[in-house]
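One file, run07.txt, is given below (compact mmCIF, C-alpha atoms).
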```txt
# COMPACT_ATOMS: atom_id res chain seq x y z
CA MET A 216 101.30 104.92 98.57
CA SER A 217 104.68 106.63 98.45
CA SER A 218 103.17 110.04 99.13
CA ASP A 219 101.19 108.46 101.94
CA LEU A 220 104.38 107.06 103.44
CA GLY A 221 106.21 110.33 102.83
CA MET A 222 103.75 112.05 105.18
CA ALA A 223 105.72 110.82 108.20
CA GLU A 224 108.79 112.62 106.92
CA ARG A 225 106.97 115.97 106.98
CA VAL A 226 105.51 115.58 110.46
CA ALA A 227 107.97 113.27 112.25
CA GLY A 228 111.36 113.62 110.59
CA PRO A 229 113.41 111.55 108.11
CA GLU A 230 114.60 108.92 110.65
CA ILE A 231 111.06 107.79 111.47
CA GLU A 232 110.04 107.96 107.81
CA ARG A 233 112.96 105.73 106.84
CA LEU A 234 112.17 103.26 109.63
CA ILE A 235 108.57 103.01 108.42
CA GLN A 236 109.58 102.55 104.78
CA LEU A 237 111.96 99.71 105.67
CA LEU A 238 109.50 98.03 108.06
CA ALA A 239 106.92 98.15 105.24
CA ARG A 240 109.18 95.86 103.21
CA LEU A 241 108.91 93.03 105.73
CA PRO A 242 106.56 90.23 104.66
CA GLY A 243 103.24 90.59 106.43
CA LEU A 244 103.56 94.35 106.92
CA GLY A 245 102.23 97.00 104.54
CA PRO A 246 102.50 100.80 104.74
CA ARG A 247 99.73 101.06 107.34
CA SER A 248 100.94 98.27 109.62
CA ALA A 249 104.53 99.53 109.25
CA ARG A 250 103.39 102.87 110.64
CA ARG A 251 101.62 101.11 113.50
CA ALA A 252 104.73 99.00 114.15
CA ALA A 253 106.98 102.08 114.20
CA LEU A 254 104.68 103.88 116.65
CA HIS A 255 104.44 100.72 118.75
CA LEU A 256 108.26 100.56 118.88
CA ILE A 257 108.58 104.21 119.85
CA ARG A 258 105.94 103.92 122.57
CA ARG A 259 107.61 100.81 123.98
CA ARG A 260 111.12 102.13 123.85
CA GLU A 261 112.66 100.28 126.80
CA GLU A 262 110.75 96.99 126.51
CA LEU A 263 110.84 96.55 122.74
CA PHE A 264 112.57 99.20 120.63
CA GLU A 265 115.97 99.08 122.35
CA PRO A 266 116.06 95.25 122.63
CA LEU A 267 114.97 94.81 118.99
CA ALA A 268 117.55 97.30 117.73
CA ASP A 269 120.21 95.44 119.73
CA ALA A 270 118.97 92.05 118.51
CA MET A 271 119.19 93.23 114.91
CA GLN A 272 122.75 94.40 115.43
CA ALA A 273 123.72 91.10 117.04
CA ALA A 274 122.04 89.03 114.32
CA ARG A 275 123.45 91.04 111.40
CA GLU A 276 126.94 90.58 112.79
CA ARG A 277 126.71 86.89 113.55
CA VAL A 278 124.35 85.27 111.04
CA VAL A 279 126.04 83.17 108.36
CA VAL A 280 124.83 80.80 105.67
CA CYS A 281 126.05 77.24 106.24
CA GLY A 282 128.58 76.38 103.53
CA THR A 283 127.50 72.76 103.62
CA CYS A 284 123.71 72.76 103.57
CA GLY A 285 122.59 76.37 103.03
CA ASN A 286 120.87 76.66 106.42
CA ILE A 287 121.34 79.91 108.34
CA ASP A 288 123.00 79.90 111.73
CA THR A 289 125.61 81.75 113.73
CA VAL A 290 128.17 79.01 113.13
CA ASN A 291 129.46 77.51 109.87
CA PRO A 292 128.98 74.58 109.39
CA CYS A 293 125.57 75.01 111.05
CA THR A 294 124.42 73.35 114.27
CA ILE A 295 122.58 70.62 112.36
CA CYS A 296 125.54 69.80 110.10
CA ARG A 297 127.80 69.63 113.20
CA ASP A 298 125.39 67.46 115.20
CA GLU A 299 127.00 64.02 115.38
CA ARG A 300 123.74 62.47 116.60
CA ARG A 301 122.13 63.25 113.24
CA ASP A 302 121.93 60.43 110.71
CA GLY A 303 124.44 61.37 108.00
CA SER A 304 123.00 58.78 105.60
CA LEU A 305 119.66 60.63 105.39
CA LEU A 306 119.57 63.91 103.45
CA THR A 307 116.39 65.98 103.18
CA VAL A 308 116.18 68.45 100.30
CA VAL A 309 114.06 71.55 101.02
CA GLU A 310 113.34 74.70 99.03
CA THR A 311 113.98 77.26 101.76
CA VAL A 312 115.30 77.65 105.30
CA ALA A 313 111.68 78.27 106.35
CA ASP A 314 110.84 74.74 105.16
CA LEU A 315 113.82 73.34 107.08
CA TRP A 316 112.56 75.06 110.22
CA ALA A 317 109.04 73.74 109.61
CA LEU A 318 110.36 70.16 109.40
CA GLU A 319 112.47 70.70 112.53
CA ARG A 320 109.36 71.85 114.39
CA ALA A 321 107.79 68.49 113.55
CA ALA A 322 110.83 66.92 115.30
CA ALA A 323 110.48 63.85 113.07
CA MET A 324 113.60 64.27 110.91
CA ARG A 325 116.72 62.49 112.15
CA GLY A 326 118.96 63.32 109.21
CA ARG A 327 120.60 66.41 107.73
CA TYR A 328 119.35 68.93 105.18
CA HIS A 329 120.15 70.55 101.88
CA VAL A 330 118.56 73.93 101.16
CA LEU A 331 118.03 74.57 97.43
CA GLY A 332 117.27 78.26 97.83
CA GLY A 333 114.16 78.09 95.65
CA THR A 334 112.63 76.01 92.87
CA LEU A 335 113.19 75.76 89.16
CA SER A 336 110.86 78.28 87.58
CA PRO A 337 111.43 78.97 83.89
CA LEU A 338 108.76 81.70 83.91
CA ASP A 339 110.69 83.62 86.59
CA GLY A 340 114.01 82.89 84.88
CA ILE A 341 115.21 80.58 87.68
CA GLY A 342 117.26 77.75 86.21
CA PRO A 343 119.41 74.95 87.71
CA LYS A 344 122.42 77.27 88.11
CA ASP A 345 120.43 79.52 90.46
CA LEU A 346 119.86 76.71 92.97
CA ASN A 347 122.28 74.84 95.25
CA LEU A 348 122.17 71.78 92.99
CA ALA A 349 125.87 71.27 92.24
CA SER A 350 126.67 71.06 95.95
CA LEU A 351 123.78 68.59 96.41
CA VAL A 352 125.25 66.27 93.79
CA GLY A 353 128.65 66.79 95.41
CA ARG A 354 127.39 65.72 98.82
CA VAL A 355 125.72 62.60 97.44
CA VAL A 356 128.70 61.65 95.26
CA ALA A 357 131.07 62.15 98.23
CA GLY A 358 129.40 59.10 99.73
CA GLY A 359 127.71 58.26 102.99
CA VAL A 360 124.26 59.40 101.88
CA LYS A 361 121.88 56.46 101.39
CA GLU A 362 118.55 58.23 101.07
CA VAL A 363 117.54 61.64 99.73
CA ILE A 364 114.06 62.83 100.79
CA LEU A 365 112.72 65.39 98.32
CA ALA A 366 110.72 67.52 100.76
CA VAL A 367 109.81 70.19 98.22
CA ASN A 368 106.42 71.89 98.18
CA ALA A 369 103.55 70.08 96.47
CA THR A 370 103.36 72.84 93.84
CA VAL A 371 104.03 72.64 90.11
CA ASP A 372 107.44 74.31 90.50
CA GLY A 373 108.27 72.13 93.49
CA GLN A 374 107.41 68.95 91.65
CA THR A 375 109.29 70.07 88.53
CA THR A 376 112.33 70.61 90.71
CA ALA A 377 111.90 67.18 92.34
CA HIS A 378 111.83 65.50 88.94
CA TYR A 379 114.92 67.41 87.85
CA ILE A 380 116.79 66.28 90.98
CA THR A 381 115.65 62.70 90.40
CA ASP A 382 117.32 62.79 86.97
CA LEU A 383 120.39 64.54 88.39
CA LEU A 384 120.96 61.88 91.07
CA ALA A 385 119.87 58.83 89.04
CA HIS A 386 123.48 57.78 88.30
CA THR A 387 124.45 57.83 91.99
CA GLY A 388 122.14 54.96 92.92
CA VAL A 389 120.97 56.83 96.05
CA ARG A 390 117.45 56.02 97.27
CA LEU A 391 115.04 58.88 96.43
CA THR A 392 111.85 59.40 98.43
CA ARG A 393 109.27 62.11 98.91
CA LEU A 394 106.84 63.16 101.64
CA ALA A 395 103.50 61.32 101.77
CA HIS A 396 100.40 63.02 100.42
CA GLY A 397 97.25 62.68 102.52
CA VAL A 398 94.70 64.15 104.87
CA PRO A 399 96.22 66.78 107.21
CA VAL A 400 95.94 65.84 110.89
CA GLY A 401 92.76 67.51 112.14
CA GLY A 402 91.60 68.06 108.55
CA GLU A 403 88.02 67.57 107.40
CA LEU A 404 87.49 65.47 104.29
CA ASP A 405 84.71 67.72 103.01
CA TYR A 406 87.13 70.64 102.70
CA LEU A 407 89.93 68.73 100.96
CA ASP A 408 90.60 68.85 97.25
CA GLU A 409 90.09 65.77 95.12
CA GLY A 410 93.78 65.33 94.38
CA THR A 411 94.67 65.07 98.08
CA LEU A 412 91.79 62.70 98.77
CA ALA A 413 92.73 60.48 95.82
CA ALA A 414 96.33 60.35 97.09
CA ALA A 415 95.15 59.56 100.62
CA ILE A 416 93.07 56.66 99.31
CA ARG A 417 95.86 55.28 97.11
CA GLN A 418 98.42 55.53 99.93
CA ARG A 419 96.09 54.23 102.68
CA THR A 420 97.75 52.42 105.56
CA ALA A 421 96.69 49.55 107.84
CA PHE A 422 94.53 50.58 110.79
CA MET B 185 103.90 78.72 121.10
CA SER B 186 106.97 79.40 123.22
CA SER B 187 108.40 75.96 122.49
CA ASP B 188 107.58 76.53 118.83
CA LEU B 189 109.52 79.79 118.90
CA GLY B 190 112.33 78.17 120.88
CA MET B 191 112.93 75.78 118.00
CA ALA B 192 114.96 78.43 116.15
CA GLU B 193 117.37 78.58 119.07
CA ARG B 194 118.19 74.89 118.68
CA VAL B 195 118.75 74.99 114.94
CA ALA B 196 119.83 78.57 114.26
CA GLY B 197 121.39 80.00 117.42
CA PRO B 198 120.24 82.37 120.17
CA GLU B 199 120.70 85.61 118.18
CA ILE B 200 118.20 84.57 115.50
CA GLU B 201 115.82 83.18 118.12
CA ARG B 202 115.88 86.48 119.99
CA LEU B 203 115.33 88.46 116.80
CA ILE B 204 112.28 86.32 115.99
CA GLN B 205 110.84 86.63 119.49
CA LEU B 206 111.12 90.43 119.43
CA LEU B 207 109.75 90.72 115.88
CA ALA B 208 106.76 88.61 117.01
CA ARG B 209 105.86 91.39 119.45
CA LEU B 210 105.28 93.92 116.67
CA PRO B 211 101.60 94.54 115.92
CA GLY B 212 100.55 92.61 112.84
CA LEU B 213 103.23 89.94 113.25
CA GLY B 214 102.77 86.62 115.08
CA PRO B 215 105.27 83.82 115.70
CA ARG B 216 104.96 82.47 112.16
CA SER B 217 105.20 85.79 110.35
CA ALA B 218 108.06 86.84 112.66
CA ARG B 219 109.99 83.76 111.49
CA ARG B 220 109.22 84.65 107.88
CA ALA B 221 110.28 88.25 108.52
CA ALA B 222 113.58 87.16 110.12
CA LEU B 223 114.39 84.84 107.22
CA HIS B 224 113.41 87.57 104.76
CA LEU B 225 115.80 89.96 106.51
CA ILE B 226 118.65 87.46 106.49
CA ARG B 227 118.14 86.62 102.81
CA ARG B 228 118.08 90.31 101.90
CA ARG B 229 121.04 91.32 103.98
CA GLU B 230 122.38 94.21 101.91
CA GLU B 231 119.09 95.61 100.63
CA LEU B 232 117.03 95.34 103.80
CA PHE B 233 118.64 93.88 106.93
CA GLU B 234 121.59 96.29 107.14
CA PRO B 235 119.53 99.40 106.26
CA LEU B 236 116.77 98.46 108.73
CA ALA B 237 119.26 97.79 111.54
CA ASP B 238 120.86 101.18 110.82
CA ALA B 239 117.46 102.91 110.63
CA MET B 240 116.50 101.45 114.01
CA GLN B 241 119.72 102.73 115.55
CA ALA B 242 119.20 106.18 114.08
CA ALA B 243 115.56 106.34 115.17
CA ARG B 244 116.19 105.09 118.70
CA GLU B 245 118.82 107.76 119.18
CA ARG B 246 116.88 110.68 117.75
CA VAL B 247 113.17 110.13 118.45
CA VAL B 248 111.68 112.33 121.17
CA VAL B 249 108.17 113.03 122.40
CA CYS B 250 107.14 116.65 121.85
CA GLY B 251 106.91 118.35 125.23
CA THR B 252 104.14 120.60 123.95
CA CYS B 253 101.68 118.35 122.12
CA GLY B 254 102.83 114.74 122.74
CA ASN B 255 103.59 114.06 119.04
CA ILE B 256 106.76 112.13 118.26
CA ASP B 257 109.50 113.69 116.19
CA THR B 258 113.26 114.12 116.12
CA VAL B 259 112.97 117.69 117.37
CA ASN B 260 111.29 119.07 120.51
CA PRO B 261 109.00 121.02 120.13
CA CYS B 262 107.93 118.95 117.12
CA THR B 263 107.82 120.11 113.50
CA ILE B 264 104.09 120.86 113.72
CA CYS B 265 104.39 122.88 116.94
CA ARG B 266 107.26 124.87 115.39
CA ASP B 267 105.47 125.52 112.10
CA GLU B 268 104.54 129.21 112.10
CA ARG B 269 102.18 128.70 109.15
CA ARG B 270 99.92 126.57 111.37
CA ASP B 271 96.88 128.25 112.89
CA GLY B 272 97.67 128.52 116.60
CA SER B 273 94.04 129.29 117.46
CA LEU B 274 92.88 125.83 116.34
CA LEU B 275 93.80 122.86 118.56
CA THR B 276 92.85 119.30 117.59
CA VAL B 277 92.74 116.73 120.40
CA VAL B 278 93.57 113.17 119.31
CA GLU B 279 93.95 109.92 121.25
CA THR B 280 97.23 108.75 119.72
CA VAL B 281 100.06 109.81 117.43
CA ALA B 282 98.64 107.36 114.87
CA ASP B 283 95.43 109.44 114.80
CA LEU B 284 97.48 112.63 114.39
CA TRP B 285 99.25 111.07 111.43
CA ALA B 286 95.91 109.93 109.96
CA LEU B 287 94.55 113.49 110.11
CA GLU B 288 97.78 114.85 108.59
CA ARG B 289 97.38 112.44 105.69
CA ALA B 290 94.00 114.02 105.04
CA ALA B 291 95.88 117.34 104.74
CA ALA B 292 92.76 119.18 105.90
CA MET B 293 93.90 120.33 109.35
CA ARG B 294 95.47 123.79 109.48
CA GLY B 295 95.93 123.93 113.25
CA ARG B 296 98.06 122.24 115.88
CA TYR B 297 97.46 119.06 117.90
CA HIS B 298 97.28 117.70 121.41
CA VAL B 299 97.90 113.95 121.86
CA LEU B 300 96.09 112.51 124.89
CA GLY B 301 97.97 109.21 124.88
CA GLY B 302 94.77 107.15 125.15
CA THR B 303 91.20 107.44 126.37
CA LEU B 304 89.57 107.34 129.75
CA SER B 305 88.78 103.70 130.43
CA PRO B 306 87.70 102.85 133.99
CA LEU B 307 87.61 99.14 133.16
CA ASP B 308 91.30 99.25 132.19
CA GLY B 309 92.14 101.49 135.15
CA ILE B 310 92.93 104.48 132.93
CA GLY B 311 91.86 107.68 134.65
CA PRO B 312 92.32 111.42 133.91
CA LYS B 313 95.79 111.43 135.48
CA ASP B 314 97.02 108.88 132.93
CA LEU B 315 96.26 111.19 130.00
CA ASN B 316 97.84 114.48 128.89
CA LEU B 317 94.85 116.43 130.19
CA ALA B 318 96.53 118.89 132.56
CA SER B 319 98.78 120.16 129.75
CA LEU B 320 95.71 120.46 127.47
CA VAL B 321 93.98 122.72 129.98
CA GLY B 322 97.25 124.60 130.39
CA ARG B 323 97.53 125.26 126.65
CA VAL B 324 93.95 126.49 126.43
CA VAL B 325 94.21 128.64 129.58
CA ALA B 326 97.49 130.14 128.32
CA GLY B 327 95.38 131.84 125.65
CA GLY B 328 95.43 132.07 121.88
CA VAL B 329 93.35 128.91 121.34
CA LYS B 330 89.87 129.75 120.04
CA GLU B 331 88.62 126.32 119.01
CA VAL B 332 89.32 122.80 120.29
CA ILE B 333 88.34 120.00 117.88
CA LEU B 334 87.75 116.76 119.80
CA ALA B 335 88.94 114.31 117.13
CA VAL B 336 88.66 111.23 119.35
CA ASN B 337 87.45 107.89 118.03
CA ALA B 338 83.71 107.33 117.73
CA THR B 339 83.90 104.60 120.39
CA VAL B 340 82.35 104.51 123.87
CA ASP B 341 85.71 105.29 125.52
CA GLY B 342 86.45 108.00 122.97
CA GLN B 343 83.10 109.69 123.51
CA THR B 344 83.41 109.40 127.32
CA THR B 345 86.75 111.14 127.05
CA ALA B 346 85.27 113.85 124.81
CA HIS B 347 82.54 114.56 127.36
CA TYR B 348 85.10 114.70 130.16
CA ILE B 349 87.20 117.22 128.21
CA THR B 350 84.08 119.28 127.47
CA ASP B 351 83.49 119.60 131.23
CA LEU B 352 87.16 120.29 131.86
CA LEU B 353 87.30 123.17 129.37
CA ALA B 354 83.82 124.57 130.00
CA HIS B 355 85.12 127.40 132.19
CA THR B 356 87.62 128.57 129.56
CA GLY B 357 84.92 129.60 127.08
CA VAL B 358 86.85 127.98 124.20
CA ARG B 359 84.75 126.75 121.27
CA LEU B 360 84.49 122.93 121.33
CA THR B 361 83.73 120.99 118.15
CA ARG B 362 83.92 117.39 117.00
CA LEU B 363 84.33 115.59 113.66
CA ALA B 364 81.20 115.09 111.57
CA HIS B 365 79.54 111.69 111.50
CA GLY B 366 78.37 110.46 108.11
CA VAL B 367 78.77 108.18 105.13
CA PRO B 368 82.46 107.41 104.39
CA VAL B 369 83.57 108.61 100.95
CA GLY B 370 83.13 105.63 98.63
CA GLY B 371 80.94 103.90 101.22
CA GLU B 372 77.81 101.95 100.30
CA LEU B 373 74.69 102.76 102.28
CA ASP B 374 73.60 99.12 102.40
CA TYR B 375 76.71 98.21 104.43
CA LEU B 376 76.50 101.07 106.93
CA ASP B 377 75.13 100.73 110.45
CA GLU B 378 71.90 102.51 111.41
CA GLY B 379 73.65 104.94 113.79
CA THR B 380 75.91 106.27 111.04
CA LEU B 381 73.02 106.55 108.58
CA ALA B 382 70.85 108.36 111.13
CA ALA B 383 73.71 110.80 111.82
CA ALA B 384 74.25 111.33 108.08
CA ILE B 385 70.56 112.15 107.64
CA ARG B 386 70.45 114.52 110.61
CA GLN B 387 73.64 116.31 109.54
CA ARG B 388 72.75 116.42 105.82
CA THR B 389 74.16 119.34 103.87
CA ALA B 390 72.92 121.38 100.88
CA PHE B 391 73.66 119.81 97.47
```

Would you write out, as structure tokens, the structure that this file holds?
Amino acid sequence: MSSDLGMAERVAGPEIERLIQLLARLPGLGPRSARRAALHLIRRREELFEPLADAMQAARERVVVCGTCGNIDTVNPCTICRDERRDGSLLTVVETVADLWALERAAAMRGRYHVLGGTLSPLDGIGPKDLNLASLVGRVVAGGVKEVILAVNATVDGQTTAHYITDLLAHTGVRLTRLAHGVPVGGELDYLDEGTLAAAIRQRTAF
Amino acid sequence: MSSDLGMAERVAGPEIERLIQLLARLPGLGPRSARRAALHLIRRREELFEPLADAMQAARERVVVCGTCGNIDTVNPCTICRDERRDGSLLTVVETVADLWALERAAAMRGRYHVLGGTLSPLDGIGPKDLNLASLVGRVVAGGVKEVILAVNATVDGQTTAHYITDLLAHTGVRLTRLAHGVPVGGELDYLDEGTLAAAIRQRTAF
């Protein structure tokens, strides 16, 4: 693969080779699609290459991690933490900023967030100190938070992390909730796993 | 989709939103993977975001299209056109720079190239004037070229273009060849189409 990538250096110069190698490290792009992306950029110089290069400069200079919740934004505290219309008594714990954005797209969350930055994963050597847990306890202890929604992924690591947080916050008396399990909207029962179906039956609601 | 993309502007600021929108225009990335790519960049600021932003600046400043063959490089004429060890009597016509790179990876081409910049495609309104055809004739007429390999794709448009070039160069007396059809290396006969198999039988070689 590296010799394959290195080909561009021989025929197109080190700048293009380096661009391809770095593009190949983006999620969703491999060596082949990175080459295609680089050529696409070069062919569309005015419409795409120049604007994207400028956008990257602007973003690298302005992007900051929110010191309160761990979200990314161009202001600190972030737009969500500053938003006075948000319900400060409702705190949603997510694993990553991508999860925060996913919940925001649903436009159903009125509260604020806390980004853990991952999940507990002993196999990968990720322990409590590697996550934003101390600041989570701090925010809850500081008062004002009545409910913490543990919106972690429904994976083993996610659930392990949720249980750990439950223990961590037990002494604060805050209400702890989690997202409902069930049939995805538009989902077909025949394609769903038994665990999801069992949860959907147990947590059925009035029609 | 646009409102989905616009979500990042509300929660993360216009710079990040613009970065995501431009990343989404790269081939291989859609709105979702562009969001993932942007977050990946921001999380890996030192190792990836800064180097990629710098690489884009360097490439945008230095990349030029070769005035001779249409390849892209940081020098004009390009590295291949300058390379005295290349066989100047052998000219390979390709549709795109990506095809040129693909042939270079095979490391089996000793000659130089001519990049058409596409194929004739009446349905898409692409005619002879939209391709680098005049300069191809010019290079052949200028002398020194003994063989032109038409390494266009084995598609209808590619083959139409090959026939057009054959007519265009007929008066020059240059030898015109094309890539062999046949079984891909590692390919299984059972999965190949009949046209390829028929060509492989017709063009069989001594064992």

Report as JSON lines the residues of range 332-353 of chain A within 9 Å of range 301-314 of chain A, each with its shortest atom pair and distance in Å (one decimal), using all atoms listed in the file, ordered by chain and increasing residue number.
```
{"residue": "A:Gly332", "atom": "CA", "partner": "A:Thr311", "partner_atom": "CA", "distance": 5.2}
{"residue": "A:Gly333", "atom": "CA", "partner": "A:Glu310", "partner_atom": "CA", "distance": 4.9}
{"residue": "A:Thr334", "atom": "CA", "partner": "A:Glu310", "partner_atom": "CA", "distance": 6.3}
{"residue": "A:Leu351", "atom": "CA", "partner": "A:Val308", "partner_atom": "CA", "distance": 8.5}
```

Measure the distance from CA of Pro229 in chain A to CA of Gln272 in chain A in Å and round it to one decimal. 20.9 Å

At what distance in Å, to one decimal, does CA of Arg393 in chain A lie from CA of Ala366 in chain A? 5.9 Å

I need the chain B residues near chain A as a ChimeraX atom specification; criterion: at most 9 Å, counting all atoms listed in the file. /B:188,191-192,194-200,202-203,206-207,209-213,217-226,229,232-244,246-248,255-259,262-264,281-282,285,288-289

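In this model, the gap between CA of Leu352 in chain B and CA of Val321 in chain B comes to 7.5 Å.
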
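Minimum atom-to-atom distances from A:Thr375, A:Asn291, A:Ser350, A:Asn368 to Ser336 in chain A were compared using only C-alpha atoms, and the lowest value belongs to A:Thr375.
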
Return as AutoDock Vina command-line options the centre and edge lengths, in Å with one decimal, of the box along x, y and z that encloses every atom of range 225-237 of chain B in the file, padded by 6 Å per side.
```
--center_x 119.1 --center_y 93.0 --center_z 106.1 --size_x 18.6 --size_y 24.8 --size_z 22.9
```

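Counting only C-alpha atoms, the residue from A:Asp345, A:Glu299, A:Glu261, A:Glu362 that sits nearest to Arg390 in chain A is A:Glu362.
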
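With only C-alpha atoms as the atoms that count, the minimum distance from Val371 in chain A to the choices A:Leu338, A:Ile416, A:Ala323, A:Leu331 is reached by A:Leu338.
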
Shell of 12 Å around Tyr379 in chain A, only C-alpha atoms, local chain residues under 5 positions omitted, as a PyMOL selection string: chain A and resi 334-336+342-343+346+348+352+365+367+372-374+384-385
